[in-house]
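Quick notes on the structure that follows.
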Number of protein chains: 2
Amino acid sequence: MKSDKKARLERAGWVVGDAAQFLTLSAQEQRFVELKLALATGVRQLRERRGLTQAALAKRLGSSQSRVAKMEAADTSVSLDLMMRSLLSIGATAGEIARLIKKTEAA
Amino acid sequence: MKSDKKARLERAGWVVGDAAQFLTLSAQEQRFVELKLALATGVRQLRERRGLTQAALAKRLGSSQSRVAKMEAADTSVSLDLMMRSLLSIGATAGEIARLIKKTEAA
DNA sequence: CCGTCACATGTCATATTGGACATACTCGCT
DNA sequence: AGCGAGTATGTCCAATATGACATGTGACGG
């Protein structure tokens, strides 16, 4: 497909797909869960490195131990928001967080 | 305070604070909104760079134009999750996302 | 002018995520 | 074996984020 026509269709709201269209959706979903996984691992690592228990981190967050456990397990019921807040609460720098994300690159 | 004692108290769940304790809470909150802001800006930039309208991106996400608009405005009603999904839908690489976050470092 | 397109803003019913609590599992210790 | 600290897992229902929709603005072309 000509790229100008493709652009026009996309502007019109269509998801212009090639043969792998359906796959790309789940590929993005996969990238998303990889990202969550990486952040979950990061939370655990940084927390342990600082000698904090899940309960201690929970108190800082105004959350509960069970939520922290689920978070570190990358449970589907926890959002990226909570993970980010956790990382920040632990004292992760932007660079550290960026590094966690960068690590998910490629395969 | 001795750092071993501090560690013990923290393990016990206490938020051991220095004089800036109350401030750190809001400082983290500020870092969080800066992060959201950076990602919001990133979404807009990448979307425009690819010649997509908000409606087109919304369709890809299975969302709506209004939500995309709020997202790019870093509205408090939109989650990091949606922003990340957007970036991935747009085709941002992990490196690009990491760079957006890294940029929020320092001041 | 008027229509159209892209974007902004507000509201709402519903779905997802939240903290809390109970309870179970796993160690290391004595 | 029995304990205690830390962690895991499951279920509540309250809080928040969601898509949909209506409507408003502003720019551009005719």
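In the structure tokens, each chain is lettered A, B, ... as it comes, each chain's residues begin at 1, and ligands are numbered from 1 in order of appearance.
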Per-residue nearest contacts of chain C to chain A (10 Å; only C-alpha atoms (C1' of nucleotides)) as a tab-separated table:
```
residue	atom	partner	partner_atom	distance
C:DC5	C1'	A:Ala12	CA	10.0
C:DA6	C1'	A:Arg11	CA	10.0
C:DT16	C1'	A:Ser77	CA	8.1
C:DT17	C1'	A:Ser77	CA	6.3
C:DG18	C1'	A:Ser63	CA	8.6
C:DG19	C1'	A:Ser63	CA	6.0
C:DA20	C1'	A:Ser64	CA	7.4
C:DC21	C1'	A:Ser66	CA	9.8
```
The selected residues should be written to file as a PDB file, in the first residue's frame (atoms: N, CA, C and O atoms (P, O5', C5', C4', C3', O3' and C1' of nucleotides)).
```
ATOM      1  P    DC C   5     -14.758  15.784   7.257  1.00  0.00           P
ATOM      2  O5'  DC C   5     -13.340  15.961   7.954  1.00  0.00           O
ATOM      3  C5'  DC C   5     -12.354  16.827   7.365  1.00  0.00           C
ATOM      4  C4'  DC C   5     -11.432  17.321   8.455  1.00  0.00           C
ATOM      5  C3'  DC C   5     -11.125  16.274   9.531  1.00  0.00           C
ATOM      6  O3'  DC C   5      -9.715  16.164   9.650  1.00  0.00           O
ATOM      7  C1'  DC C   5     -11.769  18.345  10.514  1.00  0.00           C
ATOM      8  P    DA C   6      -9.081  14.923  10.464  1.00  0.00           P
ATOM      9  O5'  DA C   6      -8.583  15.656  11.798  1.00  0.00           O
ATOM     10  C5'  DA C   6      -7.517  16.584  11.696  1.00  0.00           C
ATOM     11  C4'  DA C   6      -7.415  17.356  12.989  1.00  0.00           C
ATOM     12  C3'  DA C   6      -7.221  16.470  14.228  1.00  0.00           C
ATOM     13  O3'  DA C   6      -6.061  16.898  14.906  1.00  0.00           O
ATOM     14  C1'  DA C   6      -8.924  18.074  14.584  1.00  0.00           C
ATOM     15  P    DT C  16     -13.147  -4.897  33.019  1.00  0.00           P
ATOM     16  O5'  DT C  16     -12.140  -4.058  33.942  1.00  0.00           O
ATOM     17  C5'  DT C  16     -11.553  -2.889  33.417  1.00  0.00           C
ATOM     18  C4'  DT C  16     -10.765  -2.185  34.500  1.00  0.00           C
ATOM     19  C3'  DT C  16      -9.711  -3.048  35.225  1.00  0.00           C
ATOM     20  O3'  DT C  16      -8.511  -2.304  35.202  1.00  0.00           O
ATOM     21  C1'  DT C  16     -11.060  -1.904  36.791  1.00  0.00           C
ATOM     22  P    DT C  17      -7.137  -2.935  35.801  1.00  0.00           P
ATOM     23  O5'  DT C  17      -7.053  -2.229  37.242  1.00  0.00           O
ATOM     24  C5'  DT C  17      -7.012  -0.811  37.285  1.00  0.00           C
ATOM     25  C4'  DT C  17      -6.981  -0.307  38.721  1.00  0.00           C
ATOM     26  C3'  DT C  17      -5.928  -0.975  39.606  1.00  0.00           C
ATOM     27  O3'  DT C  17      -5.277   0.072  40.316  1.00  0.00           O
ATOM     28  C1'  DT C  17      -8.045  -1.066  40.643  1.00  0.00           C
ATOM     29  P    DG C  18      -4.107  -0.184  41.347  1.00  0.00           P
ATOM     30  O5'  DG C  18      -4.866   0.019  42.743  1.00  0.00           O
ATOM     31  C5'  DG C  18      -5.223   1.343  43.094  1.00  0.00           C
ATOM     32  C4'  DG C  18      -5.942   1.375  44.423  1.00  0.00           C
ATOM     33  C3'  DG C  18      -5.267   0.559  45.536  1.00  0.00           C
ATOM     34  O3'  DG C  18      -4.451   1.413  46.282  1.00  0.00           O
ATOM     35  C1'  DG C  18      -7.587   0.070  45.422  1.00  0.00           C
ATOM     36  P    DG C  19      -3.535   0.833  47.436  1.00  0.00           P
ATOM     37  O5'  DG C  19      -4.499   0.619  48.692  1.00  0.00           O
ATOM     38  C5'  DG C  19      -5.184   1.715  49.283  1.00  0.00           C
ATOM     39  C4'  DG C  19      -6.065   1.199  50.406  1.00  0.00           C
ATOM     40  C3'  DG C  19      -5.312   0.534  51.563  1.00  0.00           C
ATOM     41  O3'  DG C  19      -5.929   0.911  52.783  1.00  0.00           O
ATOM     42  C1'  DG C  19      -6.813  -1.022  50.603  1.00  0.00           C
ATOM     43  P    DA C  20      -5.323   0.443  54.227  1.00  0.00           P
ATOM     44  O5'  DA C  20      -6.274  -0.774  54.632  1.00  0.00           O
ATOM     45  C5'  DA C  20      -7.677  -0.568  54.633  1.00  0.00           C
ATOM     46  C4'  DA C  20      -8.380  -1.891  54.919  1.00  0.00           C
ATOM     47  C3'  DA C  20      -7.729  -2.708  56.038  1.00  0.00           C
ATOM     48  O3'  DA C  20      -8.716  -2.970  57.031  1.00  0.00           O
ATOM     49  C1'  DA C  20      -8.150  -4.047  54.112  1.00  0.00           C
ATOM     50  P    DC C  21      -8.287  -3.472  58.466  1.00  0.00           P
ATOM     51  O5'  DC C  21      -8.585  -5.030  58.365  1.00  0.00           O
ATOM     52  C5'  DC C  21      -9.829  -5.458  57.840  1.00  0.00           C
ATOM     53  C4'  DC C  21      -9.768  -6.920  57.449  1.00  0.00           C
ATOM     54  C3'  DC C  21      -8.988  -7.808  58.425  1.00  0.00           C
ATOM     55  O3'  DC C  21      -9.888  -8.736  58.999  1.00  0.00           O
ATOM     56  C1'  DC C  21      -8.521  -8.341  56.156  1.00  0.00           C
TER      57       DC C  21
END
```
Mind listing as a VMD selection string which residues of chain A are within 8 Å of chain B, counting only C-alpha atoms?
chain A and resid 7 10 to 15 28 to 29 31 to 32 51 to 53 55 to 57 59 to 60 79 to 81 84 to 85 88 to 89 93 to 95 97 to 99 101 to 105
Per DSSP on the backbone, what are the alpha helix (DSSP H) residues of segment 48-84 of chain B, as an MDAnalysis selection string?
chainID B and resid 48:49 54:61 65:72 80:84
Please save N, CA and C atoms of the selected residues as a compact mmCIF listing (two decimals), in the first residue's frame.
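Once written, result-v5.txt looks like this:
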```txt
# COMPACT_ATOMS: atom_id res chain seq x y z
N GLU B 48 1.96 12.81 16.58
CA GLU B 48 2.01 13.80 15.50
C GLU B 48 3.08 13.45 14.48
N ARG B 49 4.19 12.95 15.00
CA ARG B 49 5.29 12.60 14.10
C ARG B 49 4.85 11.53 13.11
N GLN B 54 -5.89 12.16 16.96
CA GLN B 54 -6.27 11.59 18.26
C GLN B 54 -7.29 10.49 18.06
N ALA B 55 -8.21 10.70 17.13
CA ALA B 55 -9.24 9.71 16.87
C ALA B 55 -8.63 8.41 16.34
N ALA B 56 -7.63 8.54 15.48
CA ALA B 56 -6.99 7.35 14.91
C ALA B 56 -6.27 6.56 15.99
N LEU B 57 -5.57 7.27 16.84
CA LEU B 57 -4.88 6.59 17.94
C LEU B 57 -5.90 5.93 18.87
N ALA B 58 -6.97 6.65 19.12
CA ALA B 58 -8.03 6.11 19.98
C ALA B 58 -8.54 4.80 19.43
N LYS B 59 -8.76 4.75 18.14
CA LYS B 59 -9.28 3.52 17.53
C LYS B 59 -8.30 2.38 17.72
N ARG B 60 -7.04 2.67 17.56
CA ARG B 60 -6.03 1.63 17.78
C ARG B 60 -6.08 1.11 19.21
N LEU B 61 -6.31 2.03 20.12
CA LEU B 61 -6.30 1.67 21.54
C LEU B 61 -7.61 1.02 21.97
N GLN B 65 -11.54 9.45 21.34
CA GLN B 65 -10.78 10.66 21.10
C GLN B 65 -10.67 11.52 22.36
N SER B 66 -11.75 11.59 23.10
CA SER B 66 -11.72 12.44 24.29
C SER B 66 -10.69 11.95 25.30
N ARG B 67 -10.59 10.63 25.41
CA ARG B 67 -9.62 10.09 26.35
C ARG B 67 -8.19 10.41 25.91
N VAL B 68 -7.96 10.34 24.64
CA VAL B 68 -6.62 10.66 24.13
C VAL B 68 -6.31 12.13 24.41
N ALA B 69 -7.30 12.98 24.19
CA ALA B 69 -7.09 14.40 24.45
C ALA B 69 -6.73 14.62 25.92
N LYS B 70 -7.49 14.01 26.81
CA LYS B 70 -7.21 14.15 28.24
C LYS B 70 -5.84 13.59 28.57
N MET B 71 -5.49 12.53 27.92
CA MET B 71 -4.21 11.91 28.17
C MET B 71 -3.09 12.87 27.81
N GLU B 72 -3.19 13.48 26.66
CA GLU B 72 -2.13 14.39 26.23
C GLU B 72 -2.11 15.65 27.09
N LEU B 80 -1.23 5.97 34.08
CA LEU B 80 0.02 5.67 33.42
C LEU B 80 -0.14 4.49 32.47
N ASP B 81 -0.95 3.56 32.89
CA ASP B 81 -1.20 2.38 32.05
C ASP B 81 -1.62 2.80 30.65
N LEU B 82 -2.61 3.66 30.59
CA LEU B 82 -3.11 4.08 29.28
C LEU B 82 -2.04 4.79 28.48
N MET B 83 -1.25 5.58 29.16
CA MET B 83 -0.17 6.29 28.47
C MET B 83 0.84 5.32 27.88
N MET B 84 1.21 4.35 28.68
CA MET B 84 2.17 3.36 28.21
C MET B 84 1.60 2.58 27.04
```
Give the residues of chain D that lie within 9 Å of chain B; count only C-alpha atoms (C1' of nucleotides), and format the answer as a PDB file with N, CA, C and O atoms (P, O5', C5', C4', C3', O3' and C1' of nucleotides), in the first residue's frame.
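Contents of the output file part.pdb:
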```pdb
ATOM      1  P    DT D  16     -10.593   8.155  45.233  1.00  0.00           P
ATOM      2  O5'  DT D  16     -10.210   7.641  43.771  1.00  0.00           O
ATOM      3  C5'  DT D  16      -9.225   6.634  43.629  1.00  0.00           C
ATOM      4  C4'  DT D  16      -9.294   6.084  42.235  1.00  0.00           C
ATOM      5  C3'  DT D  16      -9.281   7.163  41.140  1.00  0.00           C
ATOM      6  O3'  DT D  16      -8.227   6.813  40.291  1.00  0.00           O
ATOM      7  C1'  DT D  16     -10.934   5.540  40.708  1.00  0.00           C
ATOM      8  P    DA D  17      -7.693   7.752  39.113  1.00  0.00           P
ATOM      9  O5'  DA D  17      -8.075   6.867  37.852  1.00  0.00           O
ATOM     10  C5'  DA D  17      -7.567   5.558  37.774  1.00  0.00           C
ATOM     11  C4'  DA D  17      -8.150   4.871  36.568  1.00  0.00           C
ATOM     12  C3'  DA D  17      -8.001   5.631  35.258  1.00  0.00           C
ATOM     13  O3'  DA D  17      -7.648   4.688  34.269  1.00  0.00           O
ATOM     14  C1'  DA D  17     -10.290   5.187  35.676  1.00  0.00           C
ATOM     15  P    DT D  18      -7.462   5.079  32.747  1.00  0.00           P
ATOM     16  O5'  DT D  18      -8.865   4.662  32.103  1.00  0.00           O
ATOM     17  C5'  DT D  18      -9.136   3.274  31.934  1.00  0.00           C
ATOM     18  C4'  DT D  18     -10.518   3.072  31.376  1.00  0.00           C
ATOM     19  C3'  DT D  18     -10.788   3.856  30.100  1.00  0.00           C
ATOM     20  O3'  DT D  18     -10.471   3.038  29.004  1.00  0.00           O
ATOM     21  C1'  DT D  18     -12.670   3.862  31.599  1.00  0.00           C
ATOM     22  P    DG D  19     -10.399   3.652  27.575  1.00  0.00           P
ATOM     23  O5'  DG D  19     -11.904   3.554  27.050  1.00  0.00           O
ATOM     24  C5'  DG D  19     -12.515   2.291  26.891  1.00  0.00           C
ATOM     25  C4'  DG D  19     -13.976   2.498  26.518  1.00  0.00           C
ATOM     26  C3'  DG D  19     -14.192   3.212  25.193  1.00  0.00           C
ATOM     27  O3'  DG D  19     -15.292   2.592  24.539  1.00  0.00           O
ATOM     28  C1'  DG D  19     -15.201   4.463  26.948  1.00  0.00           C
ATOM     29  P    DA D  20     -15.811   3.025  23.086  1.00  0.00           P
ATOM     30  O5'  DA D  20     -17.055   3.966  23.452  1.00  0.00           O
ATOM     31  C5'  DA D  20     -18.124   3.405  24.194  1.00  0.00           C
ATOM     32  C4'  DA D  20     -19.179   4.476  24.453  1.00  0.00           C
ATOM     33  C3'  DA D  20     -19.508   5.320  23.220  1.00  0.00           C
ATOM     34  O3'  DA D  20     -20.903   5.242  22.999  1.00  0.00           O
ATOM     35  C1'  DA D  20     -19.056   6.694  25.105  1.00  0.00           C
TER      36       DA D  20
END
```
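One distance worth recording is that between atom CA of Leu39 of chain A and atom CA of Ala92 of chain A, which is 11.2 Å.
A straight line drawn from atom C1' of DA24 of chain C to atom CA of Ala73 of chain A is 17.0 Å long.
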